[in-house]
>>> print(open('model_33.pdb').read())   # PDB, C-alpha atoms, pLDDT in the B column
ATOM      1  CA  MET A 977      -1.578  21.716 -57.549  1.00 52.00           C
ATOM      2  CA  LYS A 978       0.787  18.784 -56.953  1.00 61.00           C
ATOM      3  CA  SER A 979       1.734  20.140 -53.514  1.00 60.00           C
ATOM      4  CA  ASN A 980      -1.953  20.050 -52.469  1.00 58.00           C
ATOM      5  CA  TYR A 981      -2.093  16.332 -53.305  1.00 56.00           C
ATOM      6  CA  LYS A 982       1.120  15.722 -51.357  1.00 56.00           C
ATOM      7  CA  ILE A 983      -0.271  17.519 -48.320  1.00 59.00           C
ATOM      8  CA  ALA A 984      -3.584  15.631 -48.531  1.00 53.00           C
ATOM      9  CA  ALA A 985      -1.745  12.314 -48.912  1.00 52.00           C
ATOM     10  CA  ALA A 986       0.459  13.150 -45.903  1.00 55.00           C
ATOM     11  CA  VAL A 987      -2.581  14.017 -43.772  1.00 52.00           C
ATOM     12  CA  ILE A 988      -4.411  10.812 -44.755  1.00 62.00           C
ATOM     13  CA  GLY A 989      -1.258   8.735 -44.224  1.00 57.00           C
ATOM     14  CA  SER A 990      -0.730  10.236 -40.762  1.00 61.00           C
ATOM     15  CA  PHE A 991      -4.346   9.527 -39.843  1.00 55.00           C
ATOM     16  CA  VAL A 992      -4.062   5.873 -40.947  1.00 51.00           C
ATOM     17  CA  LEU A 993      -0.780   5.415 -39.044  1.00 55.00           C
ATOM     18  CA  GLY A 994      -2.355   6.966 -35.941  1.00 59.00           C
ATOM     19  CA  LEU A 995      -5.289   4.575 -36.092  1.00 52.00           C
ATOM     20  CA  GLY A 996      -2.947   1.619 -36.510  1.00 52.00           C
ATOM     21  CA  ALA A 997      -0.793   2.646 -33.557  1.00 49.00           C
ATOM     22  CA  ALA A 998      -3.842   3.163 -31.353  1.00 49.00           C
ATOM     23  CA  SER A 999      -5.215  -0.275 -32.172  1.00 48.00           C
ATOM     24  CA  VAL A1000      -1.839  -1.916 -31.429  1.00 45.00           C
ATOM     25  CA  LEU A1001      -1.607  -0.126 -28.068  1.00 48.00           C
ATOM     26  CA  HIS A1002      -5.182  -1.077 -27.244  1.00 52.00           C
ATOM     27  CA  ALA A1003      -4.501  -4.718 -28.085  1.00 54.00           C
ATOM     28  CA  GLN A1004      -1.510  -4.742 -25.704  1.00 63.00           C
ATOM     29  CA  ALA A1005      -3.502  -3.444 -22.711  1.00 86.00           C
ATOM     30  CA  LYS A1006      -3.777  -5.953 -19.874  1.00 91.00           C
ATOM     31  CA  PRO A1007      -7.255  -6.929 -18.706  1.00 95.00           C
ATOM     32  CA  PRO A1008      -8.352  -5.959 -15.200  1.00 96.00           C
ATOM     33  CA  ALA A1009      -8.056  -8.443 -12.347  1.00 97.00           C
ATOM     34  CA  TYR A1010     -10.479  -9.120  -9.519  1.00 97.00           C
ATOM     35  CA  THR A1011     -10.201 -10.690  -6.121  1.00 96.00           C
ATOM     36  CA  PHE A1012     -13.067 -12.245  -4.254  1.00 96.00           C
ATOM     37  CA  ALA A1013     -12.303 -12.551  -0.543  1.00 96.00           C
ATOM     38  CA  GLU A1014     -14.265 -14.503   2.036  1.00 96.00           C
ATOM     39  CA  ILE A1015     -13.429 -13.373   5.565  1.00 96.00           C
ATOM     40  CA  ASP A1016     -14.778 -15.033   8.686  1.00 96.00           C
ATOM     41  CA  VAL A1017     -14.382 -12.273  11.269  1.00 96.00           C
ATOM     42  CA  LYS A1018     -14.221 -13.590  14.845  1.00 96.00           C
ATOM     43  CA  ASP A1019     -13.481 -10.274  16.634  1.00 96.00           C
ATOM     44  CA  GLN A1020     -15.199  -7.399  14.806  1.00 95.00           C
ATOM     45  CA  ASP A1021     -13.859  -4.663  17.103  1.00 96.00           C
ATOM     46  CA  GLY A1022     -10.235  -5.788  16.799  1.00 95.00           C
ATOM     47  CA  TYR A1023     -10.644  -6.402  13.061  1.00 95.00           C
ATOM     48  CA  ALA A1024     -12.156  -2.957  12.470  1.00 94.00           C
ATOM     49  CA  LYS A1025      -9.592  -1.171  14.624  1.00 96.00           C
ATOM     50  CA  ASP A1026      -6.336  -3.052  14.049  1.00 94.00           C
ATOM     51  CA  PHE A1027      -6.576  -4.774  10.647  1.00 95.00           C
ATOM     52  CA  LEU A1028      -9.126  -3.057   8.393  1.00 95.00           C
ATOM     53  CA  PRO A1029      -7.487   0.417   8.143  1.00 95.00           C
ATOM     54  CA  LYS A1030      -4.177  -1.184   7.102  1.00 95.00           C
ATOM     55  CA  ALA A1031      -5.901  -3.446   4.576  1.00 95.00           C
ATOM     56  CA  GLN A1032      -7.841  -0.506   3.098  1.00 95.00           C
ATOM     57  CA  ALA A1033      -4.615   1.513   2.806  1.00 95.00           C
ATOM     58  CA  ASN A1034      -3.000  -1.414   0.965  1.00 95.00           C
ATOM     59  CA  ILE A1035      -5.933  -1.610  -1.454  1.00 95.00           C
ATOM     60  CA  LYS A1036      -5.757   2.114  -2.205  1.00 95.00           C
ATOM     61  CA  GLU A1037      -1.957   2.123  -2.456  1.00 95.00           C
ATOM     62  CA  THR A1038      -1.972  -0.625  -5.098  1.00 94.00           C
ATOM     63  CA  GLY A1039      -4.715   0.938  -7.221  1.00 95.00           C
ATOM     64  CA  GLY A1040      -7.527  -1.344  -6.125  1.00 96.00           C
ATOM     65  CA  LYS A1041     -11.134  -0.352  -5.727  1.00 96.00           C
ATOM     66  CA  TYR A1042     -14.102  -1.849  -3.920  1.00 95.00           C
ATOM     67  CA  LEU A1043     -16.836  -3.168  -6.181  1.00 96.00           C
ATOM     68  CA  GLY A1044     -18.992  -4.781  -3.525  1.00 96.00           C
ATOM     69  CA  GLY A1045     -19.264  -6.454  -0.189  1.00 94.00           C
ATOM     70  CA  GLY A1046     -18.724  -5.693   3.462  1.00 93.00           C
ATOM     71  CA  PHE A1047     -20.101  -7.051   6.734  1.00 94.00           C
ATOM     72  CA  ASN A1048     -23.189  -9.202   6.215  1.00 93.00           C
ATOM     73  CA  LYS A1049     -23.641  -8.003   2.613  1.00 94.00           C
ATOM     74  CA  ALA A1050     -23.677 -11.412   0.880  1.00 94.00           C
ATOM     75  CA  ILE A1051     -26.339 -14.098   0.579  1.00 94.00           C
ATOM     76  CA  SER A1052     -26.045 -17.738  -0.362  1.00 94.00           C
ATOM     77  CA  LEU A1053     -27.550 -18.675  -3.718  1.00 96.00           C
ATOM     78  CA  SER A1054     -26.419 -22.294  -3.425  1.00 95.00           C
ATOM     79  CA  GLY A1055     -24.145 -24.271  -1.152  1.00 94.00           C
ATOM     80  CA  SER A1056     -23.084 -23.291   2.335  1.00 93.00           C
ATOM     81  CA  PRO A1057     -23.727 -19.755   3.586  1.00 94.00           C
ATOM     82  CA  PRO A1058     -21.014 -17.116   3.070  1.00 95.00           C
ATOM     83  CA  PRO A1059     -18.907 -15.886   5.974  1.00 96.00           C
ATOM     84  CA  ASN A1060     -19.883 -12.625   7.676  1.00 96.00           C
ATOM     85  CA  ARG A1061     -17.612 -10.500   5.437  1.00 96.00           C
ATOM     86  CA  VAL A1062     -17.252 -10.906   1.679  1.00 97.00           C
ATOM     87  CA  VAL A1063     -15.437  -8.392  -0.531  1.00 97.00           C
ATOM     88  CA  LEU A1064     -15.042  -7.984  -4.299  1.00 97.00           C
ATOM     89  CA  LEU A1065     -12.101  -5.802  -5.409  1.00 97.00           C
ATOM     90  CA  GLN A1066     -10.840  -4.720  -8.832  1.00 97.00           C
ATOM     91  CA  PHE A1067      -7.217  -4.044  -9.780  1.00 97.00           C
ATOM     92  CA  PRO A1068      -5.730  -2.679 -13.026  1.00 96.00           C
ATOM     93  CA  ASP A1069      -4.213  -6.055 -13.991  1.00 96.00           C
ATOM     94  CA  MET A1070      -3.139  -9.440 -12.607  1.00 96.00           C
ATOM     95  CA  ASP A1071       0.410  -8.253 -11.830  1.00 96.00           C
ATOM     96  CA  THR A1072      -0.986  -5.470  -9.644  1.00 96.00           C
ATOM     97  CA  LEU A1073      -3.322  -7.937  -7.923  1.00 96.00           C
ATOM     98  CA  LYS A1074      -0.367 -10.240  -7.174  1.00 96.00           C
ATOM     99  CA  ALA A1075       1.628  -7.306  -5.736  1.00 95.00           C
ATOM    100  CA  PHE A1076      -1.367  -6.349  -3.583  1.00 95.00           C
ATOM    101  CA  TYR A1077      -1.803  -9.895  -2.314  1.00 95.00           C
ATOM    102  CA  ALA A1078       1.893 -10.289  -1.425  1.00 94.00           C
ATOM    103  CA  LYS A1079       1.550  -7.329   0.961  1.00 94.00           C
ATOM    104  CA  GLU A1080      -1.893  -8.445   2.121  1.00 94.00           C
ATOM    105  CA  LYS A1081      -0.658 -11.930   3.004  1.00 93.00           C
ATOM    106  CA  LEU A1082       2.010 -10.412   5.271  1.00 92.00           C
ATOM    107  CA  LEU A1083      -0.607  -8.192   6.906  1.00 93.00           C
ATOM    108  CA  GLU A1084      -2.924 -11.175   7.444  1.00 93.00           C
ATOM    109  CA  THR A1085      -0.084 -13.160   9.023  1.00 91.00           C
ATOM    110  CA  ASP A1086       1.101 -10.285  11.239  1.00 90.00           C
ATOM    111  CA  VAL A1087      -2.264  -8.891  12.372  1.00 91.00           C
ATOM    112  CA  GLY A1088      -5.327 -10.261  10.622  1.00 89.00           C
ATOM    113  CA  ASN A1089      -5.204 -13.891  11.714  1.00 93.00           C
ATOM    114  CA  LYS A1090      -5.826 -12.754  15.314  1.00 94.00           C
ATOM    115  CA  TYR A1091      -9.250 -11.468  14.292  1.00 95.00           C
ATOM    116  CA  ALA A1092     -10.355 -13.465  11.246  1.00 95.00           C
ATOM    117  CA  SER A1093      -9.699 -16.282   8.815  1.00 95.00           C
ATOM    118  CA  PHE A1094      -9.261 -15.487   5.124  1.00 95.00           C
ATOM    119  CA  ARG A1095      -9.866 -17.105   1.762  1.00 95.00           C
ATOM    120  CA  ALA A1096      -9.123 -15.115  -1.385  1.00 95.00           C
ATOM    121  CA  ILE A1097      -9.414 -15.932  -5.081  1.00 96.00           C
ATOM    122  CA  GLY A1098      -7.776 -13.969  -7.914  1.00 96.00           C
ATOM    123  CA  ILE A1099      -9.626 -13.754 -11.221  1.00 96.00           C
ATOM    124  CA  GLU A1100      -8.312 -12.355 -14.499  1.00 95.00           C
ATOM    125  CA  GLY A1101     -10.928 -10.192 -16.169  1.00 94.00           C
ATOM    126  CA  ILE A1102     -11.842  -9.995 -19.822  1.00 89.00           C
ATOM    127  CA  GLU A1103     -11.730  -7.013 -22.128  1.00 80.00           C
ATOM    128  CA  GLN A1104     -15.084  -5.243 -22.185  1.00 73.00           C
ATOM    129  CA  LYS A1105     -16.351  -4.251 -25.619  1.00 74.00           C
TER     130      LYS A1105
END
>>> encode(input="model_33.pdb", output="structure tokens")
Amino acid sequence: MKSNYKIAAAVIGSFVLGLGAASVLHAQAKPPAYTFAEIDVKDQDGYAKDFLPKAQANIKETGGKYLGGGFNKAISLSGSPPPNRVVLLQFPDMDTLKAFYAKEKLLETDVGNKYASFRAIGIEGIEQK
């Protein structure tokens, strides 16, 4: 009979330890990061052909995903009107967003500035409950 109690205590103890470890791991997870980019495209053909495929590959390569935006997809709710392209992207965390932007800045300098001007903002997300 004593061995049954030991087994039950071991099972309950393992369950409690598992819950504790899961909550610690969950608490250490980094929140997602977002970037909001305003792009004033001056040459849509050149932008679409020469810059956009490389930028989209960079987004995919770094684990980003489109949440919204595109050409003429934004409206002004207050203040000056938005540029003709506005994009909202999500990344797994702020470190990933920074790595994405380091590559994106080089791409903008090498190719993108011929076709558009850029303004981007990085935003750290919050944990969703």
>>> closest_residue(input="model_33.pdb", among="A:Leu1065, A:Ala1005, A:Val1017, A:Ala1031", to="Glu1080 of chain A", atoms="all atoms listed in the file")
A:Ala1031
>>> atom_distance(input="model_33.pdb", atom1="atom CA of Ala1096 of chain A", atom2="atom CA of Lys1079 of chain A")
13.4 Å
>>> resolve_selection(input="model_33.pdb", expression="the PyMOL selection byres ((chain A and resi 1091) around 9)", output="list in words")
Asp1016, Val1017, Lys1018, Asp1019, Gln1020, Asp1021, Gly1022, Tyr1023, Asp1026, Phe1027, Val1087, Gly1088, Asn1089, Lys1090, Ala1092 and Ser1093 of chain A
>>> residues_around(input="model_33.pdb", residues="Gly1039 of chain A", least_positions_apart="2", cutoff="10 Å", atoms="only C-alpha atoms", output="number ranges by chain")
A: 1034-1037, 1041, 1066-1069, 1072-1073, 1076
>>> write_last_selection(input="model_33.pdb", atoms="C-alpha atoms", output="PDB file, keeping the file's coordinate frame")
ATOM      1  CA  ASN A1034      -3.000  -1.414   0.965  1.00 95.00           C
ATOM      2  CA  ILE A1035      -5.933  -1.610  -1.454  1.00 95.00           C
ATOM      3  CA  LYS A1036      -5.757   2.114  -2.205  1.00 95.00           C
ATOM      4  CA  GLU A1037      -1.957   2.123  -2.456  1.00 95.00           C
ATOM      5  CA  LYS A1041     -11.134  -0.352  -5.727  1.00 96.00           C
ATOM      6  CA  GLN A1066     -10.840  -4.720  -8.832  1.00 97.00           C
ATOM      7  CA  PHE A1067      -7.217  -4.044  -9.780  1.00 97.00           C
ATOM      8  CA  PRO A1068      -5.730  -2.679 -13.026  1.00 96.00           C
ATOM      9  CA  ASP A1069      -4.213  -6.055 -13.991  1.00 96.00           C
ATOM     10  CA  THR A1072      -0.986  -5.470  -9.644  1.00 96.00           C
ATOM     11  CA  LEU A1073      -3.322  -7.937  -7.923  1.00 96.00           C
ATOM     12  CA  PHE A1076      -1.367  -6.349  -3.583  1.00 95.00           C
TER      13      PHE A1076
END
>>> resolve_selection(input="model_33.pdb", expression="the PyMOL selection byres ((chain A and resi 1050) around 9)", output="PyMOL selection string")
chain A and resi 1045-1049+1051-1052+1057-1063
>>> atom_distance(input="model_33.pdb", atom1="atom CA of Met1070 of chain A", atom2="atom CA of Glu1100 of chain A")
6.2 Å
>>> atom_distance(input="model_33.pdb", atom1="atom CA of Ala1024 of chain A", atom2="atom CA of Gly1040 of chain A")
19.2 Å
